[in-house]
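A.B. asks: What follows is the file structure-v8.cif, containing mmCIF, C-alpha atoms:
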data_structure
#
loop_
_atom_site.label_atom_id
_atom_site.label_comp_id
_atom_site.auth_asym_id
_atom_site.auth_seq_id
_atom_site.Cartn_x
_atom_site.Cartn_y
_atom_site.Cartn_z
CA MET A 111 16.69 -32.81 2.73
CA GLN A 112 17.57 -29.36 1.52
CA ASN A 113 17.97 -26.73 4.22
CA TYR A 114 16.44 -23.32 3.64
CA SER A 115 17.35 -20.48 6.01
CA LYS A 116 14.57 -17.97 6.28
CA THR A 117 13.38 -14.76 7.80
CA PHE A 118 9.87 -13.47 8.05
CA LEU A 119 8.43 -10.03 8.45
CA LEU A 120 4.84 -9.18 9.24
CA ALA A 121 4.06 -5.50 8.87
CA PHE A 122 0.66 -4.25 9.98
CA PHE A 123 -1.09 -1.12 8.83
CA VAL A 124 -3.70 0.68 10.90
CA GLY A 125 -7.17 0.95 9.39
CA ILE A 126 -10.71 -0.37 9.43
CA CYS A 127 -11.04 -3.92 10.82
CA PHE A 128 -14.10 -4.97 8.80
CA LEU A 129 -12.89 -6.94 5.82
CA SER A 130 -14.60 -8.41 2.78
CA GLY A 131 -14.41 -11.92 1.42
CA GLN A 132 -12.07 -10.66 -1.30
CA VAL A 133 -8.36 -11.05 -0.62
CA THR A 134 -5.58 -10.56 -3.15
CA ILE A 135 -1.82 -11.00 -3.06
CA THR A 136 0.66 -8.89 -4.95
CA SER A 137 4.36 -9.58 -5.27
CA GLU A 138 7.07 -6.94 -5.08
CA LYS A 139 8.68 -8.60 -8.09
CA SER A 140 6.20 -9.28 -10.90
CA SER A 141 8.36 -12.01 -12.46
CA GLY A 142 8.43 -14.04 -9.24
CA ILE A 143 12.10 -14.88 -9.87
CA TYR A 144 14.80 -14.08 -7.32
CA GLU A 145 18.42 -14.90 -6.67
CA VAL A 146 19.71 -16.72 -3.62
CA GLY A 147 20.27 -14.07 -0.95
CA GLU A 148 17.32 -11.95 -2.07
CA THR A 149 14.10 -11.47 -0.14
CA ALA A 150 10.68 -12.13 -1.63
CA LEU A 151 7.97 -9.75 -0.45
CA TRP A 152 4.21 -10.14 -0.81
CA THR A 153 1.47 -7.76 0.23
CA ILE A 154 -1.94 -9.18 1.13
CA HIS A 155 -4.73 -6.72 0.32
CA PHE A 156 -8.22 -6.79 1.83
CA ASP A 157 -11.35 -5.12 0.52
CA VAL A 158 -12.91 -3.29 3.43
CA GLU A 159 -16.61 -3.96 2.94
CA LYS A 160 -17.88 -6.97 4.88
CA PRO A 161 -16.64 -8.69 8.04
CA MET A 162 -14.91 -12.04 7.69
CA ASP A 163 -13.14 -14.56 9.90
CA SER A 164 -9.45 -14.21 10.70
CA VAL A 165 -7.09 -15.00 7.88
CA HIS A 166 -4.79 -18.04 8.13
CA TYR A 167 -1.58 -18.19 6.18
CA THR A 168 1.00 -20.90 5.51
CA LEU A 169 4.37 -20.45 3.91
CA LYS A 170 5.61 -23.69 2.33
CA LYS A 171 9.01 -24.22 0.74
CA GLY A 172 8.82 -26.51 -2.25
CA GLY A 173 5.04 -26.28 -1.89
CA LEU A 174 5.25 -28.92 0.85
CA THR A 175 7.43 -28.19 3.88
CA VAL A 176 5.75 -25.71 6.20
CA SER A 177 8.17 -22.98 7.20
CA LYS A 178 5.70 -20.70 8.94
CA LYS A 179 2.00 -20.51 9.57
CA GLY A 180 -0.31 -18.45 11.64
CA VAL A 181 -3.34 -16.22 11.90
CA LEU A 182 -3.26 -12.70 10.53
CA TYR A 183 -5.18 -10.39 12.84
CA ALA A 184 -5.33 -7.56 10.35
CA GLU A 185 -5.89 -4.09 11.68
CA GLY A 186 -5.84 -2.49 8.27
CA GLN A 187 -6.15 -3.07 4.57
CA SER A 188 -2.72 -4.59 3.92
CA ILE A 189 -0.28 -7.03 5.47
CA SER A 190 3.20 -7.77 4.14
CA ILE A 191 5.03 -11.09 4.38
CA SER A 192 8.64 -11.68 3.36
CA TYR A 193 10.90 -14.67 2.81
CA LEU A 194 14.70 -14.68 2.52
CA PHE A 195 16.13 -17.27 0.13
CA HIS A 196 19.39 -18.86 1.22
CA GLU A 197 19.28 -21.69 -1.31
CA PRO A 198 17.72 -22.31 -4.75
CA GLY A 199 14.08 -23.31 -4.59
CA ALA A 200 10.45 -22.22 -4.58
CA VAL A 201 8.13 -21.06 -1.84
CA LEU A 202 4.32 -20.94 -1.85
CA LEU A 203 2.26 -18.54 0.24
CA ASP A 204 -1.17 -20.02 1.00
CA VAL A 205 -3.79 -17.65 2.46
CA ARG A 206 -7.23 -18.90 3.56
CA TRP A 207 -10.28 -17.41 5.21
CA ARG A 208 -14.02 -17.88 5.48
CA ASN A 209 -16.50 -15.50 3.99
CA ASP A 210 -19.77 -14.39 5.57
CA LYS A 211 -21.36 -17.68 4.40
CA SER A 212 -18.68 -19.74 6.20
CA GLU A 213 -17.28 -20.87 2.86
CA GLU A 214 -13.52 -21.37 2.81
CA GLN A 215 -11.72 -19.07 0.38
CA LYS A 216 -8.14 -19.34 -0.79
CA VAL A 217 -5.53 -17.32 -2.64
CA VAL A 218 -1.87 -18.13 -3.24
CA GLY A 219 1.35 -16.31 -4.01
CA GLY A 220 4.74 -17.64 -4.93
CA ALA A 221 8.40 -16.99 -5.59
CA ILE A 222 11.37 -18.96 -6.83
CA ALA A 223 15.10 -18.36 -6.40
CA SER A 224 17.88 -19.31 -8.84
CA PRO A 225 15.65 -21.86 -10.59
CA GLU A 226 18.46 -22.90 -12.95
CA LYS A 227 20.35 -24.30 -9.94
CA ILE A 228 17.59 -26.52 -8.50
CA GLN A 229 18.61 -30.17 -8.37
CA LEU A 230 16.60 -33.38 -8.70
CA SER A 231 15.43 -35.34 -5.68
CA SER A 232 16.74 -38.69 -6.98
CA ASP A 233 18.85 -40.27 -9.67
CA SER A 234 17.61 -42.22 -12.68
CA PRO A 235 17.46 -46.01 -12.18
CA SER A 236 20.62 -47.74 -13.40
CA ASP A 237 18.59 -49.90 -15.78
CA PHE A 238 16.33 -47.08 -16.99
CA ASP A 239 17.56 -47.18 -20.60
CA ALA A 240 17.61 -50.97 -20.70
CA PHE A 241 14.04 -51.13 -19.42
CA TRP A 242 12.68 -48.77 -22.05
CA GLU A 243 14.71 -50.33 -24.84
CA GLY A 244 13.18 -53.65 -23.88
CA GLN A 245 9.67 -52.24 -23.80
CA ILE A 246 10.09 -50.63 -27.23
CA ALA A 247 11.45 -53.88 -28.64
CA ALA A 248 8.43 -55.72 -27.25
CA LEU A 249 6.11 -53.12 -28.75
CA GLN A 250 7.78 -53.39 -32.15
CA SER A 251 7.19 -57.13 -32.14
CA ILE A 252 3.44 -56.42 -32.06
CA PRO A 253 2.03 -55.63 -35.54
CA LYS A 254 0.46 -52.18 -35.66
CA ASN A 255 -2.54 -53.43 -37.62
CA THR A 256 -3.34 -49.79 -38.38
CA LYS A 257 -6.93 -48.99 -39.21
CA ILE A 258 -7.79 -45.61 -40.62
CA LYS A 259 -11.32 -44.55 -41.54
CA ARG A 260 -12.06 -41.34 -43.37
CA GLU A 261 -14.98 -39.28 -42.11
CA LYS A 262 -16.41 -35.86 -42.84
CA SER A 263 -14.14 -33.11 -41.60
CA GLY A 264 -16.69 -30.34 -41.67
CA ALA A 265 -13.94 -28.04 -42.90
CA LYS A 266 -12.97 -26.98 -46.39
CA ASP A 267 -9.74 -28.43 -47.76
CA VAL A 268 -9.14 -30.70 -44.75
CA LYS A 269 -9.24 -34.48 -44.69
CA TYR A 270 -10.19 -36.13 -41.41
CA TYR A 271 -9.81 -39.74 -40.21
CA LYS A 272 -10.33 -41.91 -37.17
CA THR A 273 -7.35 -44.12 -36.40
CA GLN A 274 -6.63 -47.27 -34.43
CA MET A 275 -3.45 -49.25 -33.79
CA ASN A 276 -2.46 -52.20 -31.65
CA ASN A 277 -0.62 -51.64 -28.39
CA ILE A 278 0.73 -53.93 -25.65
CA ASN A 279 -1.42 -56.46 -23.77
CA GLY A 280 -4.06 -56.50 -26.48
CA SER A 281 -4.93 -52.84 -25.98
CA LYS A 282 -5.58 -50.29 -28.72
CA ILE A 283 -4.34 -46.79 -29.49
CA ARG A 284 -7.29 -44.72 -30.67
CA GLY A 285 -7.11 -41.27 -32.14
CA GLN A 286 -7.95 -38.83 -34.90
CA LEU A 287 -5.86 -37.62 -37.80
CA ALA A 288 -6.23 -34.65 -40.11
CA ARG A 289 -4.24 -33.15 -42.95
CA PRO A 290 -4.66 -30.52 -45.64
CA SER A 291 -6.32 -31.85 -48.79
CA LYS A 292 -3.35 -30.64 -50.79
CA GLY A 293 0.33 -31.32 -50.28
CA LYS A 294 2.36 -34.47 -50.81
CA LYS A 295 4.88 -34.02 -47.99
CA LEU A 296 3.88 -32.37 -44.71
CA PRO A 297 5.41 -31.57 -41.32
CA ALA A 298 3.85 -33.74 -38.60
CA LEU A 299 2.39 -32.87 -35.22
CA LEU A 300 1.42 -35.29 -32.44
CA ILE A 301 -1.02 -33.94 -29.83
CA VAL A 302 -1.30 -35.79 -26.52
CA GLN A 303 -3.95 -35.28 -23.86
CA TRP A 304 -4.29 -33.91 -20.37
CA ALA A 305 -5.55 -36.07 -17.51
CA GLY A 306 -9.11 -37.34 -17.24
CA VAL A 307 -11.50 -39.49 -19.18
CA TYR A 308 -13.31 -37.64 -21.97
CA PRO A 309 -13.91 -37.61 -25.74
CA LEU A 310 -11.56 -35.99 -28.24
CA GLN A 311 -12.78 -32.91 -30.05
CA LYS A 312 -12.52 -32.88 -33.84
CA GLU A 313 -11.45 -29.23 -33.96
CA TRP A 314 -8.25 -30.07 -32.08
CA VAL A 315 -6.83 -31.60 -35.25
CA ILE A 316 -8.88 -29.70 -37.84
CA ASP A 317 -7.53 -26.33 -36.67
CA LYS A 318 -3.93 -27.50 -36.97
CA ALA A 319 -4.51 -29.17 -40.35
CA LYS A 320 -5.90 -25.89 -41.70
CA LYS A 321 -2.51 -24.37 -40.97
CA GLY A 322 -0.67 -27.07 -42.90
CA TRP A 323 0.07 -29.80 -40.37
CA LEU A 324 -0.28 -33.53 -40.72
CA VAL A 325 -1.65 -33.94 -37.21
CA LEU A 326 -2.45 -36.97 -35.07
CA ASN A 327 -4.23 -36.67 -31.72
CA ILE A 328 -4.44 -39.79 -29.55
CA ASN A 329 -6.56 -40.73 -26.56
CA ALA A 330 -4.57 -41.47 -23.40
CA HIS A 331 -6.89 -44.43 -22.79
CA ASP A 332 -8.03 -47.42 -24.80
CA LEU A 333 -11.46 -45.93 -25.39
CA PRO A 334 -13.51 -44.79 -28.39
CA ILE A 335 -12.77 -41.15 -29.09
CA ASP A 336 -16.26 -39.74 -29.65
CA ASN A 337 -18.88 -41.51 -27.57
CA ASP A 338 -21.46 -39.57 -25.59
CA ARG A 339 -20.20 -37.98 -22.36
CA PRO A 340 -22.16 -40.35 -20.05
CA TYR A 341 -19.99 -43.17 -21.42
CA TYR A 342 -16.81 -41.43 -20.27
CA GLU A 343 -18.34 -40.54 -16.92
CA GLU A 344 -19.15 -44.22 -16.42
CA GLN A 345 -15.56 -45.17 -17.28
CA ALA A 346 -14.13 -42.46 -15.01
CA ASN A 347 -16.24 -43.63 -12.09
CA GLY A 348 -15.72 -47.31 -12.86
CA PRO A 349 -12.77 -49.16 -14.41
CA LEU A 350 -10.66 -46.00 -14.88
CA LYS A 351 -11.32 -44.47 -11.48
CA ASN A 352 -7.96 -43.26 -10.16
CA TYR A 353 -6.24 -44.84 -13.16
CA PRO A 354 -2.74 -43.65 -12.14
CA ALA A 355 -2.87 -46.17 -9.31
CA ILE A 356 -3.67 -49.13 -11.58
CA GLY A 357 -0.75 -51.56 -11.47
CA ASN A 358 1.56 -48.96 -9.96
CA GLU A 359 3.45 -51.40 -7.72
CA ASP A 360 5.45 -52.69 -10.68
CA LYS A 361 7.01 -50.92 -13.64
CA ASN A 362 5.83 -53.78 -15.88
CA THR A 363 2.18 -53.42 -14.89
CA SER A 364 1.80 -49.66 -14.42
CA TYR A 365 -1.14 -48.15 -16.30
CA PHE A 366 1.27 -45.56 -17.62
CA LEU A 367 3.34 -48.16 -19.44
CA ARG A 368 0.76 -48.58 -22.20
CA MET A 369 0.16 -44.83 -22.22
CA TYR A 370 3.86 -44.07 -22.77
CA LEU A 371 4.19 -46.75 -25.41
CA SER A 372 1.10 -45.46 -27.20
CA CYS A 373 2.88 -42.12 -27.60
CA TYR A 374 5.97 -43.83 -28.98
CA ARG A 375 3.96 -45.86 -31.47
CA ALA A 376 1.91 -42.83 -32.55
CA ALA A 377 5.11 -40.89 -33.25
CA GLN A 378 6.55 -43.86 -35.11
CA TYR A 379 3.38 -44.15 -37.20
CA LEU A 380 3.72 -40.54 -38.32
CA THR A 381 7.32 -41.13 -39.43
CA GLU A 382 6.23 -44.07 -41.57
CA ARG A 383 3.47 -42.26 -43.41
CA PRO A 384 4.34 -41.47 -47.04
CA ASP A 385 2.99 -37.91 -46.62
CA TRP A 386 5.41 -37.02 -43.80
CA ASP A 387 8.11 -34.64 -44.98
CA GLY A 388 10.83 -36.65 -43.24
CA GLU A 389 12.08 -33.62 -41.32
CA THR A 390 9.64 -32.07 -38.82
CA LEU A 391 7.96 -34.10 -36.08
CA VAL A 392 6.59 -32.06 -33.18
CA VAL A 393 4.82 -33.29 -30.04
CA MET A 394 2.77 -31.08 -27.75
CA GLY A 395 0.44 -31.27 -24.77
CA ALA A 396 -0.54 -29.81 -21.39
CA SER A 397 -0.43 -31.29 -17.89
CA GLN A 398 -0.59 -35.08 -18.44
CA GLY A 399 -0.14 -34.17 -22.11
CA GLY A 400 2.98 -32.19 -21.17
CA LEU A 401 4.22 -35.29 -19.38
CA GLN A 402 3.64 -37.36 -22.52
CA SER A 403 5.13 -34.68 -24.77
CA LEU A 404 8.46 -34.52 -22.96
CA MET A 405 8.59 -38.25 -22.37
CA THR A 406 8.04 -38.90 -26.08
CA ALA A 407 10.80 -36.44 -26.98
CA GLY A 408 13.16 -38.39 -24.74
CA LEU A 409 12.06 -41.77 -26.03
CA HIS A 410 11.64 -41.30 -29.78
CA PRO A 411 14.75 -40.16 -31.69
CA LYS A 412 12.90 -38.45 -34.55
CA ILE A 413 11.04 -35.86 -32.46
CA THR A 414 12.33 -32.45 -33.61
CA ALA A 415 10.58 -30.23 -31.03
CA ALA A 416 8.44 -30.63 -27.91
CA LEU A 417 6.00 -28.16 -26.35
CA ALA A 418 4.65 -28.71 -22.85
CA LEU A 419 2.44 -26.55 -20.66
CA VAL A 420 2.44 -27.15 -16.85
CA PRO A 421 3.79 -30.67 -17.44
CA ALA A 422 2.94 -33.39 -14.96
CA GLY A 423 5.07 -36.32 -13.89
CA PHE A 424 8.17 -34.56 -12.53
CA ASP A 425 10.23 -35.31 -9.46
CA MET A 426 8.38 -38.26 -7.97
CA PHE A 427 10.78 -38.42 -5.01
CA GLY A 428 10.30 -34.73 -4.19
CA PRO A 429 8.96 -35.45 -0.66
CA LYS A 430 12.34 -36.97 0.24
CA VAL A 431 13.88 -33.51 -0.07
CA GLY A 432 10.88 -31.66 1.33
CA ARG A 433 9.06 -30.59 -1.82
CA GLU A 434 5.78 -31.49 -3.46
CA PRO A 435 6.04 -33.91 -6.41
CA GLY A 436 4.17 -33.48 -9.64
CA TRP A 437 0.92 -35.27 -10.40
CA PRO A 438 0.22 -38.22 -10.12
CA LYS A 439 2.23 -37.90 -6.87
CA TRP A 440 2.97 -41.62 -6.63
CA TYR A 441 5.27 -41.12 -3.63
CA ARG A 442 2.24 -40.70 -1.37
CA ALA A 443 -0.44 -42.33 -3.53
CA VAL A 444 0.28 -45.82 -2.21
CA GLU A 445 -3.30 -46.67 -1.16
CA ASN A 446 -2.62 -49.63 1.13
CA LYS A 447 -0.01 -51.01 -1.26
CA ASP A 448 3.67 -51.61 -0.64
CA ALA A 449 4.91 -48.02 -0.56
CA GLU A 450 8.48 -48.86 -1.49
CA LYS A 451 7.36 -50.85 -4.53
CA VAL A 452 5.11 -48.04 -5.72
CA ARG A 453 7.88 -45.49 -5.29
CA GLU A 454 10.48 -47.63 -7.02
CA ALA A 455 8.17 -48.26 -9.99
CA SER A 456 7.47 -44.52 -10.27
CA ARG A 457 11.13 -43.82 -11.07
CA TYR A 458 10.70 -45.44 -14.50
CA PHE A 459 7.83 -43.05 -15.33
CA ASP A 460 9.28 -39.89 -13.77
CA VAL A 461 9.50 -37.45 -16.68
CA ALA A 462 12.69 -35.98 -15.25
CA ASN A 463 14.50 -39.20 -16.14
CA PHE A 464 13.59 -38.83 -19.82
CA ILE A 465 14.89 -35.25 -20.03
CA PRO A 466 18.62 -36.03 -20.49
CA ARG A 467 17.68 -38.20 -23.49
CA ILE A 468 16.03 -35.28 -25.33
CA THR A 469 18.02 -33.90 -28.26
CA CYS A 470 15.49 -31.44 -29.73
CA PRO A 471 14.40 -27.89 -28.81
CA VAL A 472 11.86 -27.70 -25.99
CA LEU A 473 9.33 -25.06 -24.88
CA VAL A 474 7.90 -25.45 -21.38
CA GLY A 475 5.37 -23.25 -19.55
CA ILE A 476 5.69 -23.47 -15.75
CA GLY A 477 3.06 -22.22 -13.32
CA LEU A 478 4.67 -20.48 -10.36
CA LEU A 479 1.50 -21.04 -8.27
CA ASP A 480 0.87 -24.57 -9.55
CA GLU A 481 0.19 -27.03 -6.72
CA VAL A 482 -0.69 -29.92 -9.07
CA CYS A 483 2.57 -29.78 -11.01
CA PRO A 484 4.82 -27.60 -8.83
CA PRO A 485 7.51 -25.43 -10.40
CA GLU A 486 10.46 -26.57 -8.32
CA GLY A 487 10.37 -30.17 -9.54
CA ILE A 488 9.86 -29.12 -13.16
CA TYR A 489 12.89 -26.83 -13.03
CA ALA A 490 14.93 -29.57 -11.38
CA GLY A 491 14.03 -31.91 -14.24
CA MET A 492 14.48 -29.41 -17.04
CA ASN A 493 17.88 -28.42 -15.65
CA GLN A 494 19.08 -31.82 -16.88
CA LEU A 495 18.47 -30.79 -20.48
CA ILE A 496 21.56 -29.73 -22.39
CA THR A 497 19.87 -28.94 -25.71
CA LYS A 498 18.07 -25.70 -26.61
CA LYS A 499 15.24 -24.97 -24.20
CA GLU A 500 12.90 -22.11 -23.41
CA LEU A 501 11.35 -22.21 -19.96
CA LEU A 502 8.56 -19.68 -19.43
CA LEU A 503 7.70 -19.05 -15.80
CA LEU A 504 4.08 -17.94 -15.59
CA PRO A 505 4.02 -15.88 -12.37
CA LYS A 506 0.22 -15.74 -11.95
CA SER A 507 -0.55 -19.26 -13.13
CA GLU A 508 -1.95 -22.06 -11.04
CA HIS A 509 -2.53 -25.33 -12.88
CA GLN A 510 -5.48 -24.16 -14.93
CA GLU A 511 -5.72 -21.13 -17.15
CA LYS A 512 -7.37 -18.32 -15.20
CA ASP A 513 -7.60 -14.63 -16.04
CA GLU A 514 -5.17 -15.15 -18.95
CA SER A 515 -2.47 -16.39 -16.57
CA GLN A 516 -1.07 -18.75 -19.24
CA GLN A 517 -1.37 -16.46 -22.25
CA ALA A 518 2.38 -15.84 -22.46
CA TYR A 519 2.86 -19.55 -23.16
CA PHE A 520 0.00 -19.79 -25.66
CA LYS A 521 1.28 -16.75 -27.51
CA ARG A 522 4.80 -18.10 -27.71
CA ALA A 523 3.67 -21.59 -28.71
CA GLU A 524 0.96 -20.70 -31.22
CA GLU A 525 2.39 -17.49 -32.71
CA ASP A 526 6.11 -18.25 -32.69
CA TRP A 527 7.16 -21.85 -32.18
CA LEU A 528 4.54 -23.70 -34.24
CA PRO A 529 4.61 -21.30 -37.24
CA MET A 530 8.41 -21.48 -37.35
CA LEU A 531 8.45 -25.26 -37.01
CA LEU A 532 5.81 -25.55 -39.70
CA LYS A 533 8.29 -23.86 -42.05
CA GLY A 534 11.06 -26.20 -40.99
CA LYS A 535 12.86 -23.48 -39.07
CA LEU A 536 14.16 -23.45 -35.52
CA PRO A 537 11.99 -21.42 -33.13
CA TYR A 538 14.78 -19.46 -31.47
CA ARG A 539 14.55 -15.84 -30.46
#
Please rewrite the model in this file as structure tokens.
C.D. replies:
Amino acid sequence: MQNYSKTFLLAFFVGICFLSGQVTITSEKSSGIYEVGETALWTIHFDVEKPMDSVHYTLKKGGLTVSKKGVLYAEGQSISISYLFHEPGAVLLDVRWRNDKSEEQKVVGGAIASPEKIQLSSDSPSDFDAFWEGQIAALQSIPKNTKIKREKSGAKDVKYYKTQMNNINGSKIRGQLARPSKGKKLPALLIVQWAGVYPLQKEWVIDKAKKGWLVLNINAHDLPIDNDRPYYEEQANGPLKNYPAIGNEDKNTSYFLRMYLSCYRAAQYLTERPDWDGETLVVMGASQGGLQSLMTAGLHPKITAALALVPAGFDMFGPKVGREPGWPKWYRAVENKDAEKVREASRYFDVANFIPRITCPVLVGIGLLDEVCPPEGIYAGMNQLITKKELLLLPKSEHQEKDESQQAYFKRAEEDWLPMLLKGKLPYR
């Protein structure tokens, strides 16, 4: 386990002791990035309007290991908390209180030191490459039996299709494809989906096709892509409830095996289309989609760029070194199964183990305050990448977009990377 030395400072300011339910945290350093040996400083601000219960705080290194916790008996409008970094890593400040309706409220702050030096919690399995080579070979022995059905796009100069292909174990890969009506050879874009069970939206591919992409968007599950929402709710509460746990005791039965292979086959399908330009093949997604995006870039040799926002799936053995792993957090999600088997199987799906296999440029948005896909594990994984990479730390971002906390990533991805890639150019600053 990594050892972090630390110091703490609580500074109290005299003032009115009646506080509102509104608490905010500001960081001395807006970027949230420090060097080892520097001290991170946060100031907790209280609106002085309504009384509220005492404020509890927890300071967690790696988002998991509690370094300090306590009750803040504020006697004023501000309280400062500091943390001295002695080693590379991240720290999360969790502040909670109850409002005048006894409802728990929460706000978080964060900081990270020398992120480029953070190391992984475990090594890649010795047979990692052999396993995936075998799985791809098995997939390739299954005929794609591609079915493509044209439907109304609802957009001028855009063709739209529903697609279906065979996958392992008799399952299907279902998705939607769009392309401009004109153009013989086009750059290709594969869009993969965040976690959950839901329909695909037609505009996700239409909007990209309008810009000139040959774009394929696949469902993470073997489900129709556009049924009514009650259908997906029934699936989410029934056969796909907690789907990350399905078969997770064995790398050969994990639910994510077919998901990963569906991404590989979707990418391969795009390369075999006669309207692909033979040069540009981009994959992008967020959260679970970020997981799939980076994994696909490491697994398929023709991917030319990967874009991932708050990617899941990193650093499954994080708890061994005292930090929170990324979703689906298999290390703890053993659910009365053999814990060691679940953990061992997770190593074959840990996105960090695909990173050294990536040879293309990569853009990754990382939420400093993200507790679902924590920053420390993502940095540890991305530090294995030797090709061109752009890692954007989003200092105000939790896992979901809130108050434009992820706009720096969207701007860079949609206004710089994708337009450059569309032209066949490298998206470097």
A.B. asks: Could you name the residues that touch Gly219 (chain A) at 7 Å or less, counting all atoms listed in the file, but leaving out those on the same chain fewer than 4 positions away, as an NGL selection string?
C.D. replies: :A and (135 or 202-204 or 479)
A.B. asks: For CA of Pro529 (chain A) and CA of Pro297 (chain A), quote the distance in Å rounded to one decimal.
C.D. replies: 11.1 Å
A.B. asks: Give me the residues within 9 Å of region 418-429 of chain A as a PyMOL selection string, counting all atoms listed in the file and dropping any in the same chain fewer than 4 places off.
C.D. replies: chain A and resi 111+172+174-175+230-232+393-404+433-442+453+456-457+459-463+472-477+480+482-488+490-491+508-510+516+519-520
A.B. asks: Please expand the PyMOL selection byres ((chain A and resi 165) around 8) into the concrete residues it hits in this file, giving the result as a list in words.
C.D. replies: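 Going through the file, the PyMOL selection byres ((chain A and resi 165) around 8) ends up selecting Asp163, Ser164, His166, Tyr167, Val181, Leu182, Tyr183, Val205, Arg206, Trp207 and Arg208 of chain A.
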A.B. asks: Please indicate the distance in Å from CA of Arg284 (chain A) to CA of Lys521 (chain A), rounded to one decimal place.
C.D. replies: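 Spanning CA of Arg284 (chain A) to CA of Lys521 (chain A) is a straight-line distance of 29.4 Å.
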A.B. asks: Applied to this file, what does the PyMOL selection byres ((chain A and resi 321-323) around 8) return in terms of residues, put as a short mmCIF file (atom, residue, chain, number, x, y, z; two decimals) with C-alpha atoms, in the coordinates of the input?
C.D. replies:
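In the end it all went to part12.cif:
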data_model
loop_
_atom_site.label_atom_id
_atom_site.label_comp_id
_atom_site.auth_asym_id
_atom_site.auth_seq_id
_atom_site.Cartn_x
_atom_site.Cartn_y
_atom_site.Cartn_z
CA ALA A 288 -6.23 -34.65 -40.11
CA ARG A 289 -4.24 -33.15 -42.95
CA PRO A 290 -4.66 -30.52 -45.64
CA LEU A 296 3.88 -32.37 -44.71
CA PRO A 297 5.41 -31.57 -41.32
CA ALA A 298 3.85 -33.74 -38.60
CA LEU A 299 2.39 -32.87 -35.22
CA ASP A 317 -7.53 -26.33 -36.67
CA LYS A 318 -3.93 -27.50 -36.97
CA ALA A 319 -4.51 -29.17 -40.35
CA LYS A 320 -5.90 -25.89 -41.70
CA LEU A 324 -0.28 -33.53 -40.72
CA VAL A 325 -1.65 -33.94 -37.21
CA LEU A 532 5.81 -25.55 -39.70
#
A.B. asks: CA of Val431 (chain A) and CA of Asn493 (chain A) are how many Å apart?
C.D. replies: 16.9 Å
A.B. asks: Determine, counting all atoms listed in the file, which protein, DNA and RNA residues have an atom within 10 Å of an atom of Tyr374 (chain A); residues of the same chain fewer than 2 positions away are not included. Present the result as a list in words.
C.D. replies: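 Listing them by chain and then by number gives Ile246, Leu249, Arg368, Met369, Tyr370, Leu371, Ser372, Ala376, Ala377, Gln378, Tyr379, Gln402, Met405, Thr406, Ala407, Gly408, Leu409, His410 and Pro411 of chain A.
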A.B. asks: Restricting the calculation to all atoms listed in the file: of A:Ser291, A:Gln250, A:Ser140, A:Asn362, which residue gets closest to Asp267 (chain A)?
C.D. replies: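 Looking only at the distances to Asp267 (chain A), the closest residue turns out to be A:Ser291.
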A.B. asks: Which residues match the PyMOL selection byres ((chain A and resi 361) around 12) in the file above, as a PyMOL selection string?
C.D. replies: chain A and resi 235+237-238+241-242+245+355-360+362-368+370+451-460
A.B. asks: Would you pick out the contacts of region 335-341 of chain A at 9 Å or less, using only C-alpha atoms, so that residues sharing its chain but fewer than 3 positions from it are not included, and give the list as a ChimeraX atom specification?
C.D. replies: /A:272,284-286,308-312,328-329,332,344-346
A.B. asks: Can I get the selection written as a PDB file, keeping the file's coordinate frame, with C-alpha atoms?
C.D. replies:
ATOM      1  CA  LYS A 272     -10.330 -41.910 -37.170  1.00  0.00           C
ATOM      2  CA  ARG A 284      -7.290 -44.720 -30.670  1.00  0.00           C
ATOM      3  CA  GLY A 285      -7.110 -41.270 -32.140  1.00  0.00           C
ATOM      4  CA  GLN A 286      -7.950 -38.830 -34.900  1.00  0.00           C
ATOM      5  CA  TYR A 308     -13.310 -37.640 -21.970  1.00  0.00           C
ATOM      6  CA  PRO A 309     -13.910 -37.610 -25.740  1.00  0.00           C
ATOM      7  CA  LEU A 310     -11.560 -35.990 -28.240  1.00  0.00           C
ATOM      8  CA  GLN A 311     -12.780 -32.910 -30.050  1.00  0.00           C
ATOM      9  CA  LYS A 312     -12.520 -32.880 -33.840  1.00  0.00           C
ATOM     10  CA  ILE A 328      -4.440 -39.790 -29.550  1.00  0.00           C
ATOM     11  CA  ASN A 329      -6.560 -40.730 -26.560  1.00  0.00           C
ATOM     12  CA  ASP A 332      -8.030 -47.420 -24.800  1.00  0.00           C
ATOM     13  CA  GLU A 344     -19.150 -44.220 -16.420  1.00  0.00           C
ATOM     14  CA  GLN A 345     -15.560 -45.170 -17.280  1.00  0.00           C
ATOM     15  CA  ALA A 346     -14.130 -42.460 -15.010  1.00  0.00           C
TER      16      ALA A 346
END
A.B. asks: Using only C-alpha atoms, which of the listed residues (A:Gln303, A:Thr136, A:Thr381, A:Thr390) sits closest to Ser190 (chain A)?
C.D. replies: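 That would be A:Thr136, the residue with the smallest distance to Ser190 (chain A).
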A.B. asks: Would you kindly identify which residues have an atom no farther than 10 Å from (-6.0, -49.5, -33.8), using all atoms listed in the file and the file's own coordinates, and write them out as a VMD selection string?
C.D. replies: chain A and resid 254 to 258 272 to 277 281 to 285 332
